[in-house]
Amino acid sequence: MSATSRYATPTAPRRARRAVALGPGLAVLGAVLVLVAFLSVTMGSRSLGLWEVLRALGSLDDDGSITSTVTLEMRVPRTLLGILVGAALGVAGAVLQGVTRNPLADAGIMGINSGAAACVVFAITVLGVRGVGVYIWFAFAGAIGALVLVYAIASMGREGATPLKLALAGAAVTAGLASVTTGIVMTNVDALNELRFWQVGSLAGRYRPILTGVAPFMLAGLAVSMFFGRALNGLALGEDMARGLGQHVTRTRAAAFAVVAVLAGAATAACGPIVFVGLVVPHLARFICGPDYRWILPYSMLLAPIVLLLADVLGRVAVAPDELQVGVVLGVLGAPAFVAIVRYARLSEV
Amino acid sequence: MTALLATPKTGAATALRGTRRHRLARSLTVTGALALAVAALFVLTMMVGSFRLSATEVVASVLYLRDDPSVDFVVRGLRLPTAASALTVGLALGASGTIFQQLLRNPLASPDFVGITSGAGLAAVGGIVLLRIGGLAVSGLALGGAIVAALLMYLLAWRGGVSGYRFILIGIGMAVFFDGLIGYVLTKAQLFEARQAMHWLTGSVGQASTAELRLLTGALIVLLPAALLLQRPLRALELGDDAARALGTRTELSRAGLLAVAVVLVSLAVAVAGPIAFVALVAGPVANRLLGPATGGILAAALVGAALLLTADLVAVHLLPTPLPTGVVTGAVGAPYLLWLLATTNRQGAGG
């Protein structure tokens with residue numbers, strides 16, 4: 001016991017200091033998120049005043065005025081969906097990067113987007129289904145199916161689902177499914193036309209029914225994922241070390257993949273593929289918090305919706321009454337900012 | 001030579017020598033078998049079609065051994081350009097993909113994911129949609145775009161040396177940036193140009209012009225041997241910069257040389273055939289699994305790339321009910337094979 005405490009002493013104060021800085025930081029981010037959410041409700045091609053919005057929110061049912069309809073039926077669901085989807089994608093990305101120990105891992109390359117797209121195309125061409133409200137369930141099923149396939153293939157063999165095999169299996173499943181989807185879409189104009197609108201990756205046009213459909217999954221996934229910090233820290237030390245620390249490595253990996261499937265599957269089903277949030281935001285969180293996943297996860301959960309909502313608002317305001325897709329705004333404005341941070345910050349690796 | 005070193009080998013030394021010999025033998029066998037397979041596929045693609053030819057006819061015509069105008073027209077005029085472009089593009093993509101993966105020490109770090117292909121795509125799509133150009137000019141733009149993207153990335157990642165990790169993160173940022181712009185340009189495009197751009201973005205080996213093909217072949221003749229010469233420093237770099245330096249490698253110089261080779265190969269390949277997906281990503285891991293203990297063979301990866309692309313071209317043109325661009329099929333052909341290898345080989349490959 002004395003031996004461990006002797007080794008623990010130097011790190012303990014540092015850890016405490018970091019908690020002192022990072023804890024309030026989390027609160028600040030929460031406040032920023034509320035502010036951004038407020039911006040997202042008020043700003044757009046039709047600007048709404050503070051009182052109008054508050055009155056509409058206060059009465060909570062549609063009194064027939066335009067303000068109330070815009071607020072309750074469009075802006076509020078859109079903002080809530082933005083918060084949930086952003087948080088889900090950010091956390092899913094952080095967990096995936098932790099489990100695969102690969103900075104390039106995100107929902108897109110682990111087969112989620114291509115699985116969802118393949119299932120949507122299947123629904124359109126074979127079952128003849130139409131409508132965004134139905135697509136989300138096919139997309140959800142496709143995303144989860146793809147991720148299960150990736151995990152099953154990677155965990156075959158003696159050493160189980162190693163980071164390398166997970167990454168390669170994800171990339172291969174993505175490649176195969178994307179091929180099939182593109183092949184069908186290129187020969188079927190009807191399917192292309194439908195898929196095009198699902199695939200843009202946008203918060204636009206996703207209102208109440210979709211929000212209520214996917215929200216429970218995302219909330220549950222977010223709640224569970226917050227307990228993964230310690231396990232991911234263990235995995236980051238390497239498989240043998242994690243096992244030595246008393247972790248059940250296989251079980252951790254399977255559980256983490258299940259959470260990612262629910263989070264990213266639901267988010268992708270609701271909004272289509274939004275690459276930036278899952279891939280880049282966990283790196284931003286890592287710049288702020290260092291390599292400790294117990295901080296990276298909550299920071300990703302708050303940073304991602306802030307980034308997503310800001311991009312959404314900018315896309316609405318910049319070319320009003322038109323809209324720029326979130327993906328475009330994130331790529332054009334977010335990516336250079338990210339590159340600048342990477343260039344000048346001290347990196348802590350996955 | 002001192003007496004100590006000259007004494008008969010100890011058990012450990014014999015074992016080491018045995019392992020080395022075994023590794024060399026395996027590497028030679030696998031590479032030789034791959035070369036044979038690629039040659040067979042190369043001839044096979046020129047045999048099938050609405051006008052069937054025998055293997056001897058094809059070989060004789062390609063090597064100018066016999067003079068038969070109709071066969072010569074079909075083989076040299078119609079089928080050789082496509083087959084040659086599948087072969088050369090596959091070799092280039094395979095080699096550059098595995099160099100990137102080993103250099104950045106990340107199995108996912110193929111040029112598709114670190115922004116180089118996206119740079120080429122943005123330049124080409126911009127040219128098609130905004131300048132309304134086609135043909136050779138698009139290829140030129142793609143070449144320029146890829147090289148500019150790579151240079152920009154190298155400069156941005158440089159901070160008293162290029163660390164693999166920073167390069168990957170910068171690459172992610174650049175890829176997202178270019179893809180965002182491509183999406184924007186596509187939404188602003190007229191339908192006709194948008195479809196043309198989409199077609200280019202899928203990639204196909206059947207569209208290469210002779211000039212582009214000659215350029216790529218020339219580059220391969222120079223750069224593949226160069227890559228093989230750089231294989232040794234690449235192995236050292238894979239152990240980490242400090243270890244490589246201790247082994248006597250000039251790290252920054254070798255890295256810059258390897259990156260230059262890989263970037264030129266991938267940009268020319270993209271200029272010739274468009275950004276054909278996943279060949280560069282899949283070739284290295286497949287080759288590593290075939291090579292077993294002798295991982296990291298650049299030549300083997302290049303041959304796997306060529307075999308994959310030739311097979312994809314065969315499937316795309318002859319097996320499917322409607323002919324599709326090659327880029328659609330590469331994933332469907334390559335992915336199941338890699339998955340099968342992953343599921344059956346019980347060991348960890350290199351580059352993880």
# chains A, B, ... in the order shown; residues from 1 in each chain; ligands from 1

call {"tool": "interface_residues", "arguments": {"of": "chain A", "to": "chain B", "cutoff": "9 Å", "atoms": "only C-alpha atoms", "output": "short mmCIF file (atom, residue, chain, number, x, y, z; two decimals) with N, CA and C atoms, in the first residue's frame"}}
result
data_model
loop_
_atom_site.label_atom_id
_atom_site.label_comp_id
_atom_site.auth_asym_id
_atom_site.auth_seq_id
_atom_site.Cartn_x
_atom_site.Cartn_y
_atom_site.Cartn_z
N ASN A 102 -6.83 5.07 -32.75
CA ASN A 102 -6.47 5.59 -34.07
C ASN A 102 -7.09 6.97 -34.26
N PRO A 103 -6.26 7.99 -34.52
CA PRO A 103 -6.80 9.34 -34.67
C PRO A 103 -7.69 9.50 -35.90
N LEU A 104 -7.65 8.55 -36.82
CA LEU A 104 -8.47 8.68 -38.02
C LEU A 104 -9.82 7.99 -37.89
N ALA A 105 -10.03 7.28 -36.78
CA ALA A 105 -11.27 6.52 -36.65
C ALA A 105 -12.43 7.47 -36.39
N ILE A 109 -15.67 6.05 -41.06
CA ILE A 109 -14.77 5.01 -41.56
C ILE A 109 -15.02 3.68 -40.86
N ILE A 153 -16.19 -9.38 -37.45
CA ILE A 153 -15.04 -9.80 -38.26
C ILE A 153 -13.74 -9.52 -37.53
N ALA A 154 -13.65 -8.34 -36.90
CA ALA A 154 -12.41 -7.99 -36.23
C ALA A 154 -12.13 -8.89 -35.04
N SER A 155 -13.18 -9.43 -34.41
CA SER A 155 -12.92 -10.23 -33.21
C SER A 155 -12.68 -11.70 -33.52
N MET A 156 -12.72 -12.09 -34.81
CA MET A 156 -12.34 -13.46 -35.14
C MET A 156 -10.83 -13.62 -34.96
N GLY A 157 -10.41 -14.84 -34.75
CA GLY A 157 -8.97 -15.07 -34.61
C GLY A 157 -8.57 -15.05 -33.15
N ARG A 158 -7.32 -15.47 -32.91
CA ARG A 158 -6.90 -15.72 -31.54
C ARG A 158 -6.84 -14.46 -30.70
N GLU A 159 -6.30 -13.37 -31.27
CA GLU A 159 -6.04 -12.23 -30.38
C GLU A 159 -7.22 -11.28 -30.26
N THR A 162 -8.31 -6.46 -32.10
CA THR A 162 -7.24 -5.50 -31.85
C THR A 162 -7.56 -4.19 -32.57
N PRO A 163 -6.94 -3.08 -32.11
CA PRO A 163 -7.18 -1.80 -32.79
C PRO A 163 -6.92 -1.88 -34.29
N LEU A 164 -5.82 -2.55 -34.67
CA LEU A 164 -5.50 -2.64 -36.09
C LEU A 164 -6.60 -3.34 -36.86
N LYS A 165 -7.06 -4.48 -36.33
CA LYS A 165 -8.08 -5.23 -37.06
C LYS A 165 -9.40 -4.49 -37.09
N ALA A 167 -9.76 -1.22 -37.16
CA ALA A 167 -9.64 -0.15 -38.14
C ALA A 167 -9.75 -0.70 -39.56
N LEU A 168 -9.03 -1.80 -39.83
CA LEU A 168 -9.05 -2.35 -41.18
C LEU A 168 -10.41 -2.92 -41.53
N ALA A 169 -11.03 -3.63 -40.57
CA ALA A 169 -12.35 -4.19 -40.84
C ALA A 169 -13.35 -3.07 -41.12
N ALA A 171 -12.72 -0.07 -42.33
CA ALA A 171 -12.45 0.50 -43.66
C ALA A 171 -12.94 -0.43 -44.76
N ALA A 172 -12.74 -1.74 -44.57
CA ALA A 172 -13.14 -2.68 -45.62
C ALA A 172 -14.66 -2.76 -45.74
N VAL A 173 -15.36 -2.80 -44.60
CA VAL A 173 -16.83 -2.84 -44.66
C VAL A 173 -17.35 -1.56 -45.32
N THR A 174 -16.76 -0.41 -44.94
CA THR A 174 -17.15 0.85 -45.58
C THR A 174 -16.98 0.76 -47.09
N ALA A 175 -15.82 0.24 -47.51
CA ALA A 175 -15.53 0.16 -48.95
C ALA A 175 -16.55 -0.70 -49.67
N GLY A 176 -16.81 -1.89 -49.10
CA GLY A 176 -17.72 -2.80 -49.76
C GLY A 176 -19.13 -2.24 -49.87
N LEU A 177 -19.65 -1.72 -48.74
CA LEU A 177 -21.01 -1.20 -48.74
C LEU A 177 -21.14 0.02 -49.65
N ALA A 178 -20.11 0.89 -49.60
CA ALA A 178 -20.17 2.09 -50.45
C ALA A 178 -20.21 1.69 -51.91
N SER A 179 -19.45 0.65 -52.27
CA SER A 179 -19.46 0.17 -53.65
C SER A 179 -20.85 -0.25 -54.07
N VAL A 180 -21.48 -1.07 -53.22
CA VAL A 180 -22.81 -1.58 -53.55
C VAL A 180 -23.79 -0.42 -53.71
N THR A 181 -23.73 0.53 -52.75
CA THR A 181 -24.66 1.66 -52.81
C THR A 181 -24.45 2.47 -54.08
N THR A 182 -23.19 2.82 -54.36
CA THR A 182 -22.92 3.62 -55.56
C THR A 182 -23.37 2.88 -56.81
N GLY A 183 -23.10 1.57 -56.82
CA GLY A 183 -23.49 0.78 -57.98
C GLY A 183 -24.99 0.85 -58.23
N MET A 186 -26.09 4.45 -59.24
CA MET A 186 -25.70 4.89 -60.58
C MET A 186 -26.59 4.30 -61.66
N THR A 187 -27.25 3.17 -61.33
CA THR A 187 -28.12 2.57 -62.34
C THR A 187 -29.58 2.88 -62.08
N VAL A 200 -27.05 14.60 -47.72
CA VAL A 200 -26.34 15.87 -47.61
C VAL A 200 -25.84 16.14 -46.20
N VAL A 275 -19.45 14.67 -41.11
CA VAL A 275 -18.14 14.10 -40.83
C VAL A 275 -17.39 14.83 -39.73
N PHE A 276 -17.37 16.14 -39.84
CA PHE A 276 -16.47 16.96 -39.02
C PHE A 276 -16.62 16.68 -37.53
N LEU A 279 -15.11 13.37 -36.15
CA LEU A 279 -13.69 13.19 -36.43
C LEU A 279 -12.83 14.24 -35.75
N VAL A 280 -13.28 15.49 -35.78
CA VAL A 280 -12.41 16.60 -35.39
C VAL A 280 -12.63 17.03 -33.94
N HIS A 283 -10.57 15.56 -31.16
CA HIS A 283 -9.19 16.08 -31.13
C HIS A 283 -9.15 17.43 -30.43
N LEU A 324 -26.87 27.25 -46.34
CA LEU A 324 -25.69 26.45 -46.64
C LEU A 324 -25.76 25.21 -45.75
N GLN A 325 -25.38 24.04 -46.28
CA GLN A 325 -25.43 22.84 -45.44
C GLN A 325 -24.37 22.91 -44.35
N GLY A 327 -22.41 20.69 -43.25
CA GLY A 327 -21.16 20.06 -43.65
C GLY A 327 -20.26 21.03 -44.39
N VAL A 328 -20.87 21.85 -45.27
CA VAL A 328 -20.07 22.81 -46.03
C VAL A 328 -19.47 23.85 -45.10
N VAL A 329 -20.31 24.42 -44.21
CA VAL A 329 -19.81 25.45 -43.30
C VAL A 329 -18.69 24.89 -42.42
N LEU A 330 -18.93 23.69 -41.86
CA LEU A 330 -17.92 23.08 -40.99
C LEU A 330 -16.62 22.87 -41.74
N GLY A 331 -16.71 22.38 -42.99
CA GLY A 331 -15.51 22.13 -43.77
C GLY A 331 -14.76 23.40 -44.08
N VAL A 332 -15.50 24.43 -44.52
CA VAL A 332 -14.83 25.63 -45.02
C VAL A 332 -14.32 26.51 -43.89
N LEU A 333 -15.09 26.63 -42.81
CA LEU A 333 -14.64 27.48 -41.70
C LEU A 333 -13.96 26.68 -40.60
N GLY A 334 -14.53 25.51 -40.27
CA GLY A 334 -14.02 24.74 -39.15
C GLY A 334 -12.67 24.12 -39.42
N ALA A 335 -12.51 23.56 -40.62
CA ALA A 335 -11.28 22.83 -40.91
C ALA A 335 -10.04 23.72 -40.84
N PRO A 336 -10.04 24.93 -41.45
CA PRO A 336 -8.85 25.77 -41.31
C PRO A 336 -8.54 26.11 -39.86
N ALA A 337 -9.59 26.37 -39.08
CA ALA A 337 -9.36 26.65 -37.65
C ALA A 337 -8.69 25.45 -36.99
N PHE A 338 -9.18 24.26 -37.33
CA PHE A 338 -8.60 23.04 -36.75
C PHE A 338 -7.14 22.89 -37.15
N VAL A 339 -6.86 23.15 -38.45
CA VAL A 339 -5.47 23.03 -38.92
C VAL A 339 -4.58 23.99 -38.17
N ALA A 340 -5.08 25.22 -37.96
CA ALA A 340 -4.28 26.21 -37.23
C ALA A 340 -3.99 25.71 -35.81
N VAL A 342 -3.90 22.59 -34.74
CA VAL A 342 -2.96 21.48 -34.81
C VAL A 342 -1.54 22.00 -34.99
N ARG A 343 -1.42 23.07 -35.80
CA ARG A 343 -0.09 23.57 -36.10
C ARG A 343 0.56 24.21 -34.87
N LEU A 347 0.58 18.77 -29.02
CA LEU A 347 -0.36 17.68 -29.23
C LEU A 347 -0.20 16.62 -28.15
N GLU A 349 -1.16 12.69 -28.03
CA GLU A 349 -1.59 11.70 -29.01
C GLU A 349 -2.65 10.77 -28.46
#

call {"tool": "residues_around", "arguments": {"residues": "region 224-236 of chain B", "least_positions_apart": "2", "cutoff": "8 Å", "atoms": "only C-alpha atoms", "output": "PyMOL selection string"}}
result
chain B and resi 95+99+102-103+220-222+238-240+243-244+247+249+251+254-255+258+261+296-299

call {"tool": "atom_distance", "arguments": {"atom1": "CA of Val270 (chain B)", "atom2": "CA of Gly305 (chain B)"}}
result
13.8 Å

call {"tool": "closest_residue", "arguments": {"among": "B:Gly90, B:Gly121, B:Gly126, B:Gly274", "to": "Ala301 (chain B)", "atoms": "only C-alpha atoms"}}
result
B:Gly90

call {"tool": "residues_around", "arguments": {"residues": "Leu201 (chain B)", "least_positions_apart": "3", "cutoff": "10 Å", "atoms": "only C-alpha atoms", "output": "list of chain:residue names"}}
result
B:Thr117, B:Ser118, B:Ala120, B:Gly121, B:Leu122, B:Ala124, B:Val125, B:Arg195, B:Gln196, B:Ala197, B:Met198, B:Ser204, B:Val270, B:Ala273, B:Gly274, B:Pro275, B:Ile276, B:Ala277, B:Gly327

call {"tool": "atom_distance", "arguments": {"atom1": "CA of Ala15 (chain B)", "atom2": "CA of Ala294 (chain B)"}}
result
15.9 Å

call {"tool": "atom_distance", "arguments": {"atom1": "CA of Val121 (chain A)", "atom2": "CA of Ile184 (chain A)"}}
result
7.8 Å

call {"tool": "residues_around", "arguments": {"residues": "Gly246 (chain A)", "least_positions_apart": "5", "cutoff": "12 Å", "atoms": "only C-alpha atoms", "output": "ChimeraX atom specification"}}
result
/A:230-231,234-235,239-241,252

call {"tool": "write_last_selection", "arguments": {"atoms": "C-alpha atoms", "output": "tab-separated table (two decimals), in the first residue's frame"}}
result
chain	number	residue	atom	x	y	z
A	230	ARG	CA	-11.70	4.97	-16.98
A	231	ALA	CA	-11.98	1.97	-19.29
A	234	GLY	CA	-6.90	1.68	-19.53
A	235	LEU	CA	-7.16	0.64	-23.18
A	239	GLU	CA	-4.10	-4.25	-24.18
A	240	ASP	CA	-1.68	-6.05	-21.86
A	241	MET	CA	-1.45	-3.13	-19.46
A	252	THR	CA	-14.99	-3.21	-22.66

call {"tool": "closest_residue", "arguments": {"among": "B:Arg214, B:Arg21, B:Leu87, B:Ala280", "to": "Val43 (chain B)", "atoms": "only C-alpha atoms"}}
result
B:Leu87

call {"tool": "select_by_dssp", "arguments": {"residues": "region 107-225 of chain A", "states": "helix (DSSP H, G or I)", "output": "mmCIF file with C-alpha atoms, in the first residue's frame"}}
result
data_model
loop_
_atom_site.group_PDB
_atom_site.id
_atom_site.type_symbol
_atom_site.label_atom_id
_atom_site.label_comp_id
_atom_site.auth_asym_id
_atom_site.auth_seq_id
_atom_site.Cartn_x
_atom_site.Cartn_y
_atom_site.Cartn_z
ATOM 1 C CA ILE A 112 -21.809 3.538 -40.014
ATOM 2 C CA ASN A 113 -22.524 6.032 -42.783
ATOM 3 C CA SER A 114 -22.168 3.514 -45.583
ATOM 4 C CA GLY A 115 -24.274 0.945 -43.713
ATOM 5 C CA ALA A 116 -27.029 3.500 -43.177
ATOM 6 C CA ALA A 117 -26.886 4.619 -46.810
ATOM 7 C CA ALA A 118 -26.948 1.028 -48.089
ATOM 8 C CA CYS A 119 -30.017 0.257 -45.983
ATOM 9 C CA VAL A 120 -31.805 3.412 -47.150
ATOM 10 C CA VAL A 121 -31.101 2.475 -50.762
ATOM 11 C CA PHE A 122 -32.365 -1.049 -50.092
ATOM 12 C CA ALA A 123 -35.568 0.409 -48.629
ATOM 13 C CA ILE A 124 -36.059 2.629 -51.665
ATOM 14 C CA THR A 125 -35.282 0.150 -54.418
ATOM 15 C CA VAL A 132 -37.530 10.792 -44.374
ATOM 16 C CA GLY A 133 -39.597 9.617 -41.403
ATOM 17 C CA VAL A 134 -39.330 5.991 -42.536
ATOM 18 C CA TYR A 135 -35.738 6.234 -43.725
ATOM 19 C CA ILE A 136 -34.446 6.950 -40.263
ATOM 20 C CA TRP A 137 -35.356 3.471 -39.023
ATOM 21 C CA PHE A 138 -33.717 1.792 -42.008
ATOM 22 C CA ALA A 139 -30.680 4.029 -41.602
ATOM 23 C CA PHE A 140 -30.524 3.198 -37.904
ATOM 24 C CA ALA A 141 -30.739 -0.528 -38.600
ATOM 25 C CA GLY A 142 -28.137 -0.282 -41.363
ATOM 26 C CA ALA A 143 -25.713 1.644 -39.179
ATOM 27 C CA ILE A 144 -25.982 -0.834 -36.327
ATOM 28 C CA GLY A 145 -25.773 -3.795 -38.706
ATOM 29 C CA ALA A 146 -22.580 -2.446 -40.273
ATOM 30 C CA LEU A 147 -20.951 -1.845 -36.909
ATOM 31 C CA VAL A 148 -21.882 -5.326 -35.662
ATOM 32 C CA LEU A 149 -20.373 -6.788 -38.838
ATOM 33 C CA VAL A 150 -17.158 -4.807 -38.317
ATOM 34 C CA TYR A 151 -16.864 -5.952 -34.734
ATOM 35 C CA ALA A 152 -17.674 -9.573 -35.535
ATOM 36 C CA ILE A 153 -15.041 -9.801 -38.265
ATOM 37 C CA ALA A 154 -12.406 -7.988 -36.234
ATOM 38 C CA PRO A 163 -7.180 -1.800 -32.786
ATOM 39 C CA LEU A 164 -5.498 -2.639 -36.089
ATOM 40 C CA LYS A 165 -8.084 -5.233 -37.060
ATOM 41 C CA LEU A 166 -10.954 -2.983 -35.990
ATOM 42 C CA ALA A 167 -9.636 -0.147 -38.145
ATOM 43 C CA LEU A 168 -9.046 -2.352 -41.184
ATOM 44 C CA ALA A 169 -12.354 -4.194 -40.845
ATOM 45 C CA GLY A 170 -14.148 -0.851 -40.562
ATOM 46 C CA ALA A 171 -12.450 0.501 -43.658
ATOM 47 C CA ALA A 172 -13.142 -2.682 -45.618
ATOM 48 C CA VAL A 173 -16.830 -2.842 -44.664
ATOM 49 C CA THR A 174 -17.147 0.847 -45.577
ATOM 50 C CA ALA A 175 -15.533 0.164 -48.945
ATOM 51 C CA GLY A 176 -17.721 -2.798 -49.765
ATOM 52 C CA LEU A 177 -21.014 -1.196 -48.739
ATOM 53 C CA ALA A 178 -20.168 2.086 -50.446
ATOM 54 C CA SER A 179 -19.459 0.169 -53.648
ATOM 55 C CA VAL A 180 -22.813 -1.579 -53.554
ATOM 56 C CA THR A 181 -24.657 1.662 -52.808
ATOM 57 C CA THR A 182 -22.923 3.618 -55.559
ATOM 58 C CA GLY A 183 -23.493 0.783 -57.985
ATOM 59 C CA ILE A 184 -27.243 0.735 -57.327
ATOM 60 C CA VAL A 185 -27.548 4.499 -57.284
ATOM 61 C CA MET A 186 -25.699 4.888 -60.576
ATOM 62 C CA THR A 187 -28.116 2.565 -62.344
ATOM 63 C CA VAL A 189 -31.983 7.482 -61.011
ATOM 64 C CA ASP A 190 -34.962 7.293 -58.672
ATOM 65 C CA ALA A 191 -32.852 5.976 -55.810
ATOM 66 C CA LEU A 192 -30.163 8.583 -56.494
ATOM 67 C CA ASN A 193 -32.679 11.376 -56.244
ATOM 68 C CA GLU A 194 -33.987 10.153 -52.881
ATOM 69 C CA LEU A 195 -30.592 9.314 -51.428
ATOM 70 C CA ARG A 196 -29.182 12.696 -52.449
ATOM 71 C CA PHE A 197 -31.443 14.464 -49.987
ATOM 72 C CA TRP A 198 -30.753 12.049 -47.162
ATOM 73 C CA GLN A 199 -27.012 12.135 -47.734
ATOM 74 C CA ARG A 208 -40.596 16.985 -34.279
ATOM 75 C CA PRO A 209 -41.374 13.374 -35.244
ATOM 76 C CA ILE A 210 -37.752 12.651 -36.040
ATOM 77 C CA LEU A 211 -36.573 14.303 -32.849
ATOM 78 C CA THR A 212 -38.940 12.304 -30.677
ATOM 79 C CA GLY A 213 -38.023 9.142 -32.572
ATOM 80 C CA VAL A 214 -34.282 9.214 -32.029
ATOM 81 C CA ALA A 215 -33.926 11.276 -28.845
ATOM 82 C CA PRO A 216 -34.427 8.386 -26.356
ATOM 83 C CA PHE A 217 -31.647 6.345 -27.969
ATOM 84 C CA MET A 218 -29.220 9.226 -27.968
ATOM 85 C CA LEU A 219 -29.997 10.244 -24.383
ATOM 86 C CA ALA A 220 -29.530 6.689 -23.138
ATOM 87 C CA GLY A 221 -26.310 6.291 -25.133
ATOM 88 C CA LEU A 222 -24.913 9.565 -23.818
ATOM 89 C CA ALA A 223 -25.697 8.625 -20.238
ATOM 90 C CA VAL A 224 -23.992 5.231 -20.535
ATOM 91 C CA SER A 225 -20.991 6.574 -22.447
#

call {"tool": "residues_around", "arguments": {"residues": "Thr31 (chain B)", "least_positions_apart": "3", "cutoff": "10 Å", "atoms": "only C-alpha atoms", "output": "PyMOL selection string"}}
result
chain B and resi 25-28+34-37+287+290-291+297-304
